Structures are given as structure tokens and as C-alpha cells.
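Trainee: Provided herewith: final.tsv, TSV, C-alpha atoms.
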chain	number	residue	atom	x	y	z
A	1	MET	CA	-2.29	-17.00	18.55
A	2	ALA	CA	0.21	-16.52	21.42
A	3	GLY	CA	2.77	-13.81	20.67
A	4	ASN	CA	5.16	-11.87	22.88
A	5	ASP	CA	6.61	-15.03	24.43
A	6	SER	CA	9.91	-13.63	23.25
A	7	ASN	CA	11.90	-10.88	24.91
A	8	LEU	CA	11.06	-7.91	22.70
A	9	VAL	CA	13.85	-5.81	24.20
A	10	ASP	CA	16.38	-8.46	23.21
A	11	LEU	CA	14.87	-8.56	19.74
A	12	GLY	CA	14.61	-4.84	19.12
A	13	PHE	CA	16.96	-2.84	21.34
A	14	LEU	CA	20.06	-2.85	19.16
A	15	ASP	CA	18.04	-1.92	16.08
A	16	ALA	CA	16.39	0.98	17.95
A	17	ARG	CA	19.79	2.08	19.30
A	18	ILE	CA	21.26	2.15	15.79
A	19	LYS	CA	18.33	4.18	14.46
A	20	LEU	CA	18.52	6.68	17.32
A	21	ILE	CA	22.26	7.25	16.81
A	22	ASP	CA	21.65	7.57	13.06
A	23	ILE	CA	19.15	10.38	13.69
A	24	ALA	CA	21.59	12.15	16.03
A	25	ALA	CA	24.37	11.83	13.44
A	26	PHE	CA	22.02	13.12	10.72
A	27	LEU	CA	21.29	16.26	12.74
A	28	ASP	CA	25.02	16.78	13.46
A	29	ARG	CA	25.75	16.39	9.73
A	30	LEU	CA	23.15	19.01	8.79
A	31	ASP	CA	24.63	21.42	11.35
A	32	ARG	CA	28.17	20.91	10.04
A	33	HIS	CA	27.03	21.65	6.50
A	34	GLY	CA	24.65	24.49	7.40
A	35	GLN	CA	21.56	22.67	6.11
A	36	ALA	CA	19.50	22.33	9.29
A	37	ASP	CA	17.18	25.18	8.31
A	38	ASP	CA	14.67	23.10	6.32
A	39	TYR	CA	10.94	22.65	6.88
A	40	ARG	CA	11.35	18.87	6.87
A	41	VAL	CA	13.94	19.02	9.63
A	42	ASP	CA	11.68	21.37	11.61
A	43	ALA	CA	8.88	18.81	11.26
A	44	LEU	CA	11.17	16.04	12.51
A	45	ARG	CA	12.19	18.11	15.53
A	46	LYS	CA	8.54	18.74	16.41
A	47	ALA	CA	7.83	15.01	16.17
A	48	PHE	CA	10.75	14.11	18.46
A	49	ALA	CA	8.64	15.02	21.51
A	50	GLU	CA	6.58	11.89	20.91
A	51	LEU	CA	9.63	9.68	21.47
A	52	ASP	CA	9.75	10.83	25.08
A	53	SER	CA	6.02	10.32	25.60
A	54	ARG	CA	4.86	7.66	28.07
A	55	GLU	CA	1.52	7.33	26.30
A	56	ALA	CA	0.87	4.53	23.78
A	57	GLY	CA	0.25	5.57	20.18
A	58	ARG	CA	3.60	7.27	19.57
A	59	ALA	CA	3.99	5.95	16.01
A	60	SER	CA	0.54	7.18	15.02
A	61	ARG	CA	1.17	10.61	16.53
A	62	VAL	CA	4.56	10.92	14.81
A	63	LEU	CA	2.86	10.09	11.50
A	64	ASP	CA	0.17	12.68	12.24
A	65	ALA	CA	2.84	15.28	12.96
A	66	LEU	CA	4.41	14.59	9.55
A	67	SER	CA	1.08	14.69	7.69
A	68	ASP	CA	-0.77	17.32	5.71
A	69	GLN	CA	-3.69	18.21	7.99
A	70	THR	CA	-5.70	20.14	5.39
A	71	GLU	CA	-8.95	18.60	4.20
A	72	GLU	CA	-9.78	19.97	0.74
A	73	PRO	CA	-8.34	18.50	-2.50
A	74	ILE	CA	-5.64	20.64	-4.10
A	75	GLU	CA	-6.52	22.35	-7.39
A	76	ALA	CA	-3.98	20.39	-9.48
A	77	ALA	CA	-1.11	17.95	-9.00
A	78	GLU	CA	1.94	19.81	-10.28
A	79	LEU	CA	4.33	17.04	-9.25
A	80	GLN	CA	4.02	13.34	-8.47
A	81	GLY	CA	6.34	12.81	-5.51
A	82	ALA	CA	6.07	13.42	-1.78
A	83	PHE	CA	8.65	14.85	0.63
A	84	GLY	CA	7.82	13.37	4.01
A	85	ALA	CA	6.49	16.49	5.72
A	86	PRO	CA	3.94	19.12	4.75
A	87	PRO	CA	5.20	22.57	3.72
A	88	SER	CA	5.73	24.84	6.69
A	89	THR	CA	2.88	27.19	7.47
A	90	ASP	CA	4.99	29.25	9.94
B	91	MET	CA	5.10	-8.92	-11.77
B	92	VAL	CA	6.14	-6.98	-14.82
B	93	SER	CA	8.87	-5.10	-12.96
B	94	ARG	CA	10.57	-8.24	-11.61
B	95	THR	CA	12.82	-10.95	-12.94
B	96	THR	CA	12.23	-14.68	-13.10
B	97	ASP	CA	14.65	-14.96	-10.13
B	98	ASP	CA	11.97	-13.27	-8.04
B	99	TYR	CA	9.32	-15.75	-9.18
B	100	MET	CA	11.74	-18.57	-8.31
B	101	ALA	CA	12.37	-17.12	-4.84
B	102	LEU	CA	8.64	-16.76	-4.22
B	103	ALA	CA	7.97	-20.33	-5.35
B	104	CYS	CA	10.70	-21.65	-3.06
B	105	ALA	CA	9.21	-19.65	-0.16
B	106	GLY	CA	5.88	-21.42	-0.65
B	107	CYS	CA	3.99	-18.71	-2.52
B	108	LYS	CA	0.90	-20.09	-4.29
B	109	ALA	CA	-0.43	-16.97	-6.00
B	110	VAL	CA	0.40	-13.33	-6.65
B	111	ASN	CA	-1.93	-10.45	-7.36
B	112	GLU	CA	-0.60	-7.56	-9.39
B	113	PRO	CA	-2.29	-4.16	-9.45
B	114	ALA	CA	-2.17	-1.99	-12.54
B	115	PHE	CA	0.39	0.59	-11.52
B	116	TRP	CA	2.76	3.31	-12.60
B	117	ALA	CA	5.48	2.29	-15.05
B	118	GLY	CA	8.02	4.69	-13.53
B	119	TYR	CA	7.09	7.19	-16.24
B	120	ASP	CA	3.82	8.54	-17.62
B	121	ARG	CA	2.52	6.61	-20.61
B	122	ALA	CA	1.90	8.77	-23.66
B	123	SER	CA	-1.37	7.30	-24.86
B	124	ALA	CA	-4.20	4.92	-24.14
B	125	GLN	CA	-2.58	2.49	-26.56
B	126	GLY	CA	0.28	2.11	-24.09
B	127	PHE	CA	-2.24	1.00	-21.48
B	128	TYR	CA	-3.89	-1.39	-23.93
B	129	ASP	CA	-0.55	-3.13	-24.39
B	130	TYR	CA	0.06	-3.07	-20.63
B	131	PHE	CA	-3.35	-4.60	-19.89
B	132	ARG	CA	-2.56	-7.36	-22.39
B	133	GLN	CA	0.78	-7.93	-20.66
B	134	ILE	CA	-0.75	-8.41	-17.20
B	135	THR	CA	-3.75	-10.45	-18.40
B	136	GLU	CA	-2.10	-12.63	-21.04
B	137	TYR	CA	1.67	-12.86	-20.80
B	138	GLU	CA	2.41	-12.43	-17.10
B	139	PRO	CA	0.16	-15.35	-16.01
B	140	LYS	CA	2.17	-17.61	-18.31
B	141	ARG	CA	5.45	-16.36	-16.86
B	142	ALA	CA	4.22	-17.00	-13.31
B	143	ALA	CA	2.84	-20.43	-14.25
B	144	LYS	CA	6.35	-21.60	-15.12
B	145	PHE	CA	7.03	-21.37	-11.38
B	146	CYS	CA	3.69	-22.99	-10.39
B	147	ILE	CA	2.38	-19.62	-9.19
B	148	ASP	CA	-1.14	-18.43	-10.08
B	149	HIS	CA	-1.17	-14.86	-11.33
B	150	TYR	CA	-4.08	-12.46	-10.76
B	151	CYS	CA	-4.31	-8.78	-11.58
B	152	TRP	CA	-6.32	-5.59	-11.20
B	153	LEU	CA	-7.11	-2.97	-13.85
B	154	CYS	CA	-7.18	0.84	-13.83
B	155	ILE	CA	-5.23	3.93	-14.70
B	156	ASN	CA	-3.28	4.55	-11.52
B	157	PRO	CA	-3.63	7.85	-9.63
B	158	LYS	CA	-0.19	9.13	-10.67
B	159	GLU	CA	-1.44	9.30	-14.27
B	160	ALA	CA	-4.95	10.50	-13.43
B	161	GLU	CA	-4.24	14.23	-13.60
B	162	ASP	CA	-5.17	14.25	-17.31
B	163	PRO	CA	-8.91	13.38	-17.32
B	164	GLY	CA	-9.00	12.97	-21.10
B	165	LEU	CA	-6.32	10.28	-21.11
B	166	ALA	CA	-7.78	8.69	-17.98
B	167	ARG	CA	-11.20	8.33	-19.59
B	168	GLU	CA	-9.71	6.80	-22.74
B	169	VAL	CA	-7.96	4.23	-20.55
B	170	MET	CA	-11.04	3.55	-18.43
B	171	ALA	CA	-12.98	2.88	-21.64
B	172	LEU	CA	-10.61	-0.05	-22.28
B	173	ILE	CA	-11.29	-1.71	-18.94
B	174	PRO	CA	-14.63	-3.49	-19.63
B	175	GLU	CA	-13.07	-5.51	-22.46
B	176	PHE	CA	-10.31	-6.75	-20.14
B	177	LEU	CA	-12.62	-7.51	-17.22
B	178	LYS	CA	-13.54	-10.68	-19.15
B	179	LYS	CA	-10.00	-12.07	-18.78
B	180	PRO	CA	-9.82	-15.04	-16.38
B	181	ASN	CA	-7.14	-13.61	-14.06
B	182	VAL	CA	-8.75	-10.21	-13.40
B	183	LEU	CA	-9.93	-9.75	-9.80
B	184	GLY	CA	-11.29	-6.23	-10.05
B	185	ILE	CA	-10.51	-2.51	-10.29
B	186	GLY	CA	-7.19	-1.32	-8.85
B	187	GLU	CA	-5.04	0.09	-7.68
B	188	ILE	CA	-7.19	3.17	-7.87
B	189	GLY	CA	-6.99	5.98	-5.34
B	190	LEU	CA	-5.13	9.23	-4.94
B	191	ASN	CA	-1.53	10.38	-5.23
B	192	LYS	CA	-1.36	14.15	-4.54
B	193	ASN	CA	-5.02	14.51	-3.53
B	194	SER	CA	-5.96	16.74	-6.46
B	195	ARG	CA	-9.44	17.47	-7.79
B	196	ASN	CA	-8.80	15.59	-11.05
B	197	GLU	CA	-7.42	12.56	-9.22
B	198	LEU	CA	-10.53	12.53	-7.04
B	199	MET	CA	-12.82	12.83	-10.07
B	200	ILE	CA	-11.13	9.88	-11.80
B	201	LEU	CA	-11.27	7.87	-8.56
B	202	GLU	CA	-15.03	8.44	-8.44
B	203	GLU	CA	-15.36	7.25	-12.05
B	204	HIS	CA	-13.34	4.11	-11.32
B	205	ILE	CA	-15.57	3.35	-8.33
B	206	GLN	CA	-18.56	3.68	-10.64
B	207	ILE	CA	-17.03	1.13	-13.04
B	208	ALA	CA	-16.51	-1.28	-10.14
B	209	GLU	CA	-20.12	-0.77	-9.09
B	210	ASP	CA	-21.48	-1.16	-12.63
B	211	TYR	CA	-19.53	-4.39	-13.22
B	212	ASP	CA	-19.78	-5.72	-9.64
B	213	GLN	CA	-16.01	-5.85	-9.17
B	214	LEU	CA	-13.76	-6.00	-6.12
B	215	ILE	CA	-11.75	-2.80	-5.49
B	216	LEU	CA	-8.09	-2.37	-4.56
B	217	VAL	CA	-7.20	1.15	-3.41
B	218	HIS	CA	-3.82	2.87	-3.32
B	219	THR	CA	-3.38	5.53	-0.65
B	220	PRO	CA	-0.94	8.44	-1.14
B	221	HIS	CA	2.62	8.56	0.10
B	222	LEU	CA	4.12	10.14	3.20
B	223	GLU	CA	2.63	13.52	4.15
B	224	ASP	CA	-0.27	13.05	1.72
B	225	LYS	CA	-1.46	9.70	3.12
B	226	LEU	CA	-3.70	10.83	5.99
B	227	LYS	CA	-5.62	13.42	3.98
B	228	GLY	CA	-5.83	11.11	0.95
B	229	THR	CA	-7.14	8.21	2.99
B	230	LYS	CA	-9.92	10.37	4.40
B	231	LEU	CA	-10.86	11.63	0.91
B	232	ILE	CA	-10.85	8.08	-0.46
B	233	ILE	CA	-13.08	6.79	2.34
B	234	ASP	CA	-15.52	9.64	1.72
B	235	ALA	CA	-15.55	8.87	-2.02
B	236	LEU	CA	-16.27	5.19	-1.38
B	237	LEU	CA	-19.00	5.99	1.14
B	238	ASN	CA	-20.67	8.15	-1.53
B	239	HIS	CA	-21.49	4.84	-3.25
B	240	PRO	CA	-23.87	3.09	-0.84
B	241	ASP	CA	-24.14	0.07	-3.13
B	242	ILE	CA	-20.41	-0.63	-2.73
B	243	ASP	CA	-19.93	-3.21	0.03
B	244	PRO	CA	-16.92	-2.12	2.16
B	245	GLY	CA	-16.11	-5.79	2.67
B	246	ARG	CA	-15.30	-6.00	-1.05
B	247	VAL	CA	-12.82	-3.10	-0.91
B	248	ILE	CA	-9.23	-3.26	0.32
B	249	ILE	CA	-7.50	0.02	1.09
B	250	ASP	CA	-3.78	-0.58	0.80
B	251	HIS	CA	-0.64	1.00	2.24
B	252	VAL	CA	-2.19	1.69	5.64
B	253	GLU	CA	0.05	2.85	8.48
B	254	GLU	CA	-0.59	3.34	12.18
B	255	HIS	CA	-2.48	6.61	11.68
B	256	THR	CA	-4.75	5.38	8.86
B	257	ALA	CA	-5.46	1.72	9.68
B	258	PRO	CA	-8.14	2.53	12.30
B	259	LEU	CA	-9.94	4.88	9.86
B	260	VAL	CA	-10.08	2.13	7.23
B	261	LEU	CA	-11.12	-0.69	9.55
B	262	GLU	CA	-13.79	1.23	11.46
B	263	HIS	CA	-15.68	1.79	8.18
B	264	GLY	CA	-15.69	-1.94	7.39
B	265	PHE	CA	-13.07	-1.91	4.64
B	266	TRP	CA	-10.15	-4.34	4.43
B	267	ALA	CA	-6.75	-2.86	5.28
B	268	GLY	CA	-3.61	-3.78	3.35
B	269	MET	CA	-0.15	-3.34	4.85
B	270	THR	CA	2.46	-3.06	2.11
B	271	LEU	CA	5.88	-4.13	3.34
B	272	TYR	CA	8.98	-2.35	2.10
B	273	PRO	CA	12.60	-2.75	3.18
B	274	GLU	CA	13.28	1.00	3.22
B	275	SER	CA	10.05	2.96	3.27
B	276	LYS	CA	6.45	2.57	4.39
B	277	VAL	CA	5.80	-0.33	6.75
B	278	THR	CA	8.41	-2.74	8.09
B	279	PRO	CA	7.50	-6.28	9.16
B	280	ASN	CA	7.73	-5.34	12.85
B	281	ARG	CA	5.42	-2.34	12.46
B	282	ALA	CA	2.94	-4.49	10.54
B	283	ILE	CA	2.91	-7.03	13.39
B	284	ASP	CA	2.48	-4.15	15.85
B	285	MET	CA	-0.60	-3.05	13.91
B	286	LEU	CA	-2.03	-6.57	14.12
B	287	GLU	CA	-1.57	-6.41	17.89
B	288	MET	CA	-3.21	-2.97	18.11
B	289	TYR	CA	-6.01	-3.24	15.57
B	290	GLY	CA	-6.66	-7.00	15.32
B	291	CYS	CA	-6.52	-9.56	12.54
B	292	GLU	CA	-9.96	-9.16	10.98
B	293	ARG	CA	-10.00	-7.81	7.41
B	294	VAL	CA	-6.22	-7.31	7.29
B	295	TRP	CA	-3.57	-8.58	4.91
B	296	MET	CA	0.13	-8.03	4.32
B	297	ASN	CA	1.66	-7.76	0.88
B	298	SER	CA	5.19	-7.57	-0.45
B	299	ALA	CA	5.77	-4.53	-2.63
B	300	CYS	CA	7.25	-5.72	-5.93
B	301	ASP	CA	7.66	-2.54	-7.93
B	302	TRP	CA	10.36	-0.63	-9.81
B	303	GLY	CA	11.86	0.87	-6.67
B	304	VAL	CA	13.71	-0.79	-3.81
B	305	SER	CA	11.30	-3.53	-2.79
B	306	ASP	CA	11.44	-7.16	-1.77
B	307	PRO	CA	9.08	-9.89	-3.02
B	308	LEU	CA	9.99	-11.94	0.06
B	309	SER	CA	8.84	-9.30	2.52
B	310	VAL	CA	5.80	-11.36	3.56
B	311	PRO	CA	7.81	-14.54	4.25
B	312	LYS	CA	10.29	-12.37	6.19
B	313	ALA	CA	7.39	-10.91	8.19
B	314	ALA	CA	6.26	-14.48	8.90
B	315	LEU	CA	9.73	-15.19	10.30
B	316	GLU	CA	9.48	-12.07	12.45
B	317	MET	CA	6.09	-13.23	13.74
B	318	ARG	CA	7.69	-16.55	14.69
B	319	ARG	CA	10.51	-14.72	16.50
B	320	ARG	CA	7.86	-12.78	18.43
B	321	GLY	CA	6.21	-16.00	19.56
B	322	TYR	CA	3.22	-16.30	17.23
B	323	ASP	CA	2.12	-19.79	16.33
B	324	ASP	CA	1.61	-21.40	12.94
B	325	SER	CA	-2.16	-20.93	12.86
B	326	PHE	CA	-1.82	-17.18	13.47
B	327	ILE	CA	0.85	-16.81	10.80
B	328	ASP	CA	-1.16	-18.90	8.35
B	329	ARG	CA	-4.20	-16.71	8.89
B	330	ILE	CA	-2.30	-13.51	8.14
B	331	VAL	CA	-0.21	-14.59	5.18
B	332	TYR	CA	-2.60	-17.09	3.56
B	333	SER	CA	-6.17	-17.35	4.83
B	334	ASN	CA	-6.99	-13.66	5.06
B	335	PRO	CA	-5.80	-12.80	1.53
B	336	ALA	CA	-7.56	-15.88	0.20
B	337	GLN	CA	-10.76	-14.82	1.99
B	338	PHE	CA	-10.71	-11.35	0.43
B	339	MET	CA	-9.74	-12.39	-3.09
B	340	GLY	CA	-12.03	-15.42	-2.89
B	341	GLN	CA	-14.94	-13.01	-3.13
B	342	SER	CA	-14.13	-13.00	-6.83
B	343	GLU	CA	-15.33	-16.13	-8.63
B	344	ARG	CA	-12.10	-15.94	-10.64
B	345	PHE	CA	-9.89	-16.63	-7.61
B	346	ALA	CA	-9.18	-20.29	-6.92
B	347	LEU	CA	-6.10	-21.57	-5.14
B	348	LYS	CA	-4.86	-24.86	-6.53
Before anything else, please render the file you have as C-alpha cells.

Mentor:
Amino acid sequence: MAGNDSNLVDLGFLDARIKLIDIAAFLDRLDRHGQADDYRVDALRKAFAELDSREAGRASRVLDALSDQTEEPIEAAELQGAFGAPPSTD
Amino acid sequence: MVSRTTDDYMALACAGCKAVNEPAFWAGYDRASAQGFYDYFRQITEYEPKRAAKFCIDHYCWLCINPKEAEDPGLAREVMALIPEFLKKPNVLGIGEIGLNKNSRNELMILEEHIQIAEDYDQLILVHTPHLEDKLKGTKLIIDALLNHPDIDPGRVIIDHVEEHTAPLVLEHGFWAGMTLYPESKVTPNRAIDMLEMYGCERVWMNSACDWGVSDPLSVPKAALEMRRRGYDDSFIDRIVYSNPAQFMGQSERFALK
């Protein structure tokens, strides 16, 4: 099986750096255009805390933070798509 | 692969692909009648195997009305009534991709009825889990629906499109977990390999999404390359991209790799 003989930082650092800067630029862009007040952006901001966590399982917890946590089926599907974050309950 | 060109079949053949399995899925629009599904089922059981065979690739498929079109129970039941006739076709592996899309009551009811068809006809099951924010809740509802059928063997069910938060739920109940690779959304090759490291290699497969959206039939070979970069050996890669899928699909007497 092996695995992880390679230097994973060498393999993944630049890609992670690009993605992090992209997120920062995305937030700047929303601010410039006055579009930061959106429930999806709020959900992203709440999930950011996981990036600074020292505990394994960050990806799973980010996904949980961006998931509908209700348990009952909805009455009817009025649309077919998804938006990436549940509607705000605030 | 009704949504792909012959160039994609050529690329797959050159990458060493021996067989593809194609779920019945959404056409990008809602079909207006059961007759549209009849024609579609003919396409994936009669014509598409011939198209794949020109590239020395075996073509298998799954049958259902997919969850995106399951909100209308009347139409869904008309379509489900067509399925037994097509289960006799030699390239049909089972019922799929059934599941949920928006986690509605009608979707859940039609899912239950599909599971019953699979049970009645002793078929393998391929399950689609919802997208994005709906995935976690939908996966839990789907698992509950499957567990309501004690005669369904979890080892004959693959629940697809798992991510880090749903893979453990699927695996701990004895189901197979499918990781669908996409270039832009869902799971990337590196995340899929991460899940293998976290959750193990038993009852897991990877598949390349080949649909109407941005998707890449070579995602699995590209994931194999990523595994090699990360230091995994040939036997490990072979197990993930070849042996595991063959083990699951081989539970159908129809499946035979040449």
C-alpha cells in the first residue's frame, strides 16, 4: 500500500495558497460591490474557524457547517438546485 | 455515456478503461412523459453498448426515474412500471441512480418504491445522494429508507457521491461508498485519496462523473496518477480503480470483464 512517501507540502502548498488568496479576493470583491450581506457568505465566514483548528476532521466539520441540519423531509421540492449553504435561521 | 462524445470513449480506451457503468439520470431537463423514459431506457440498454463496444469498452447501466424527476408520483410510477421489462436486458446491473435530490416527501416515497422493485427482482442498487447543503440530511434519510428493508443486503448497495461528512455514515452501516470525482465541484482526486486514508479501502470505489455539466471521464485515471504522486504502489491503485468496482458489480451475474 505505502503512501505518503512523497512530501505532501511540496505537492499541495501552492495549490492551497492559491485557493486561500482566491477566497480573500472573493471577500474583497463582495465588499467592493456591496454584496457581502448574503446568507451563503455568512455561512462561509462561520466555517472559516475550522481552517484555524488544530484538530483533525476540518473538512468534515466545514461540510457540516454548510449543511442543512434539519431531519424531516420537506413538504415538496419547489426547485431542483442547491445553493451550497442552508437558508439562514438568524 | 449518452451525454458524451466518441472522443471521450476513445480517451477512456486509451487510458486502459475496460468497462463503464451508466446510471439512469437527469437529461438536463424534465422529460414530459413515460414514453420519453421508454426511449431513454432503449438508448442505454441497446444503442449505447454498441457505441462503447466500438472502443472495446463493455457498457453496463442502471434503471430508474432519477430523484430530480420524482416529485410527480404519477409520472414516476408510470416510469417504474417500465423497469421490469428492461431488467431482462443483458447490460443492466440493477436499480439506480435512485435516491433524493431536495429531500421531499414525494422523492422519499418514490425512493421507497424503487427499493421495493430492487428487492422484488433481487437487483443491486446504486444510490444518488443530494447536492451541497442537502447531502447530509439526504444521506441520513436514504440510509433510514434502506434499513427499513431488512431483506436488502447493504453489501449489494452502493451509496454514491459521499464526502468527508457522509462517508462514515454509509460505511458504518455496511453499504458501499462511491466517491464521484469532478474537476470543479464535489470531490477532487486528492480529497478522495484523503478519504481512503481516513476511512479505509473496504467497500469503496471512485468514479468519474460523465454528465451534461463540467465533468471529466478521465477523473479516475487522474486520481490514479495523484495516488502515484503520493507514494501509493500499483497494487493499491489497482484495488481502488479496478478490483473494488469489479467486486461490487460482479455481484450481478450480468457483469463479466473480458

Trainee: What is the atom CA of Tyr130 of chain B-atom CA of Val92 of chain B distance in Å, reported with one decimal?

Mentor: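 Straight-line distance from atom CA of Tyr130 of chain B to atom CA of Val92 of chain B works out to 9.3 Å.
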
Trainee: Got a sec to pull out which chain B residues are within 6 Å of chain A, counting all atoms listed in the file, and send them as JSON, numbers by chain?

Mentor: {"B": [192, 193, 194, 195, 222, 223, 224, 254, 255, 320, 321, 322, 323, 326]}

Trainee: Select all residues near (-10.1, 0.7, -10.6) (cut-off 7 Å, inclusive, file coordinates), counting all atoms listed in the file, and output them as a PDB file with C-alpha atoms, in the frame of the given file.

Mentor:
ATOM      1  CA  LEU B 153      -7.110  -2.970 -13.850  1.00  0.00           C
ATOM      2  CA  CYS B 154      -7.180   0.840 -13.830  1.00  0.00           C
ATOM      3  CA  ILE B 185     -10.510  -2.510 -10.290  1.00  0.00           C
ATOM      4  CA  GLY B 186      -7.190  -1.320  -8.850  1.00  0.00           C
ATOM      5  CA  GLU B 187      -5.040   0.090  -7.680  1.00  0.00           C
ATOM      6  CA  ILE B 188      -7.190   3.170  -7.870  1.00  0.00           C
ATOM      7  CA  HIS B 204     -13.340   4.110 -11.320  1.00  0.00           C
ATOM      8  CA  ILE B 205     -15.570   3.350  -8.330  1.00  0.00           C
ATOM      9  CA  ALA B 208     -16.510  -1.280 -10.140  1.00  0.00           C
ATOM     10  CA  ILE B 215     -11.750  -2.800  -5.490  1.00  0.00           C
TER      11      ILE B 215
END

Trainee: For segment 170-182 of chain B, find every residue with an atom within 7 Å (counting only C-alpha atoms), except residues of its own chain fewer than 5 positions away, and show them as JSON, numbers by chain.

Mentor: {"B": [135, 149, 150, 151, 152, 153, 154, 155, 344]}

Trainee: Env of Ala257 of chain B: 12 Å cut, atoms = all atoms listed in the file, seq-sep filter 5 positions within chain, self excluded. Answer as a PyMOL selection string.

Mentor: (chain A and resi 60+63) or (chain B and resi 219+225-226+229-230+233+248-252+262-270+277+281-282+284-286+288-295)

Trainee: Please measure the separation of atom CA of Arg17 of chain A and atom CA of Glu50 of chain A, giving the value in Å to one decimal.

Mentor: 16.5 Å

Trainee: Limit the output to N, CA and C atoms and give segment 200-213 of chain B as a short mmCIF file (atom, residue, chain, number, x, y, z; two decimals), in the first residue's frame.

Mentor:
data_model
loop_
_atom_site.label_atom_id
_atom_site.label_comp_id
_atom_site.auth_asym_id
_atom_site.auth_seq_id
_atom_site.Cartn_x
_atom_site.Cartn_y
_atom_site.Cartn_z
N ILE B 200 -41.02 7.80 -3.60
CA ILE B 200 -40.60 7.11 -4.83
C ILE B 200 -39.31 6.33 -4.60
N LEU B 201 -38.43 6.85 -3.75
CA LEU B 201 -37.23 6.08 -3.37
C LEU B 201 -37.64 4.74 -2.75
N GLU B 202 -38.58 4.79 -1.82
CA GLU B 202 -39.04 3.56 -1.15
C GLU B 202 -39.57 2.56 -2.19
N GLU B 203 -40.31 3.07 -3.18
CA GLU B 203 -40.90 2.18 -4.18
C GLU B 203 -39.82 1.58 -5.09
N HIS B 204 -38.79 2.37 -5.39
CA HIS B 204 -37.66 1.81 -6.15
C HIS B 204 -36.95 0.71 -5.36
N ILE B 205 -36.75 0.96 -4.07
CA ILE B 205 -36.09 -0.07 -3.24
C ILE B 205 -36.90 -1.36 -3.27
N GLN B 206 -38.22 -1.20 -3.24
CA GLN B 206 -39.08 -2.39 -3.28
C GLN B 206 -38.91 -3.15 -4.59
N ILE B 207 -38.78 -2.41 -5.71
CA ILE B 207 -38.54 -3.08 -7.00
C ILE B 207 -37.22 -3.87 -6.93
N ALA B 208 -36.19 -3.23 -6.40
CA ALA B 208 -34.89 -3.91 -6.30
C ALA B 208 -35.02 -5.18 -5.47
N GLU B 209 -35.78 -5.07 -4.37
CA GLU B 209 -35.97 -6.24 -3.51
C GLU B 209 -36.76 -7.33 -4.24
N ASP B 210 -37.83 -6.93 -4.91
CA ASP B 210 -38.69 -7.90 -5.59
C ASP B 210 -37.94 -8.64 -6.69
N TYR B 211 -37.03 -7.93 -7.39
CA TYR B 211 -36.33 -8.52 -8.53
C TYR B 211 -34.88 -8.89 -8.20
N ASP B 212 -34.52 -8.79 -6.91
CA ASP B 212 -33.19 -9.18 -6.44
C ASP B 212 -32.08 -8.46 -7.23
N GLN B 213 -32.18 -7.14 -7.25
CA GLN B 213 -31.25 -6.32 -8.02
C GLN B 213 -30.27 -5.57 -7.12
#
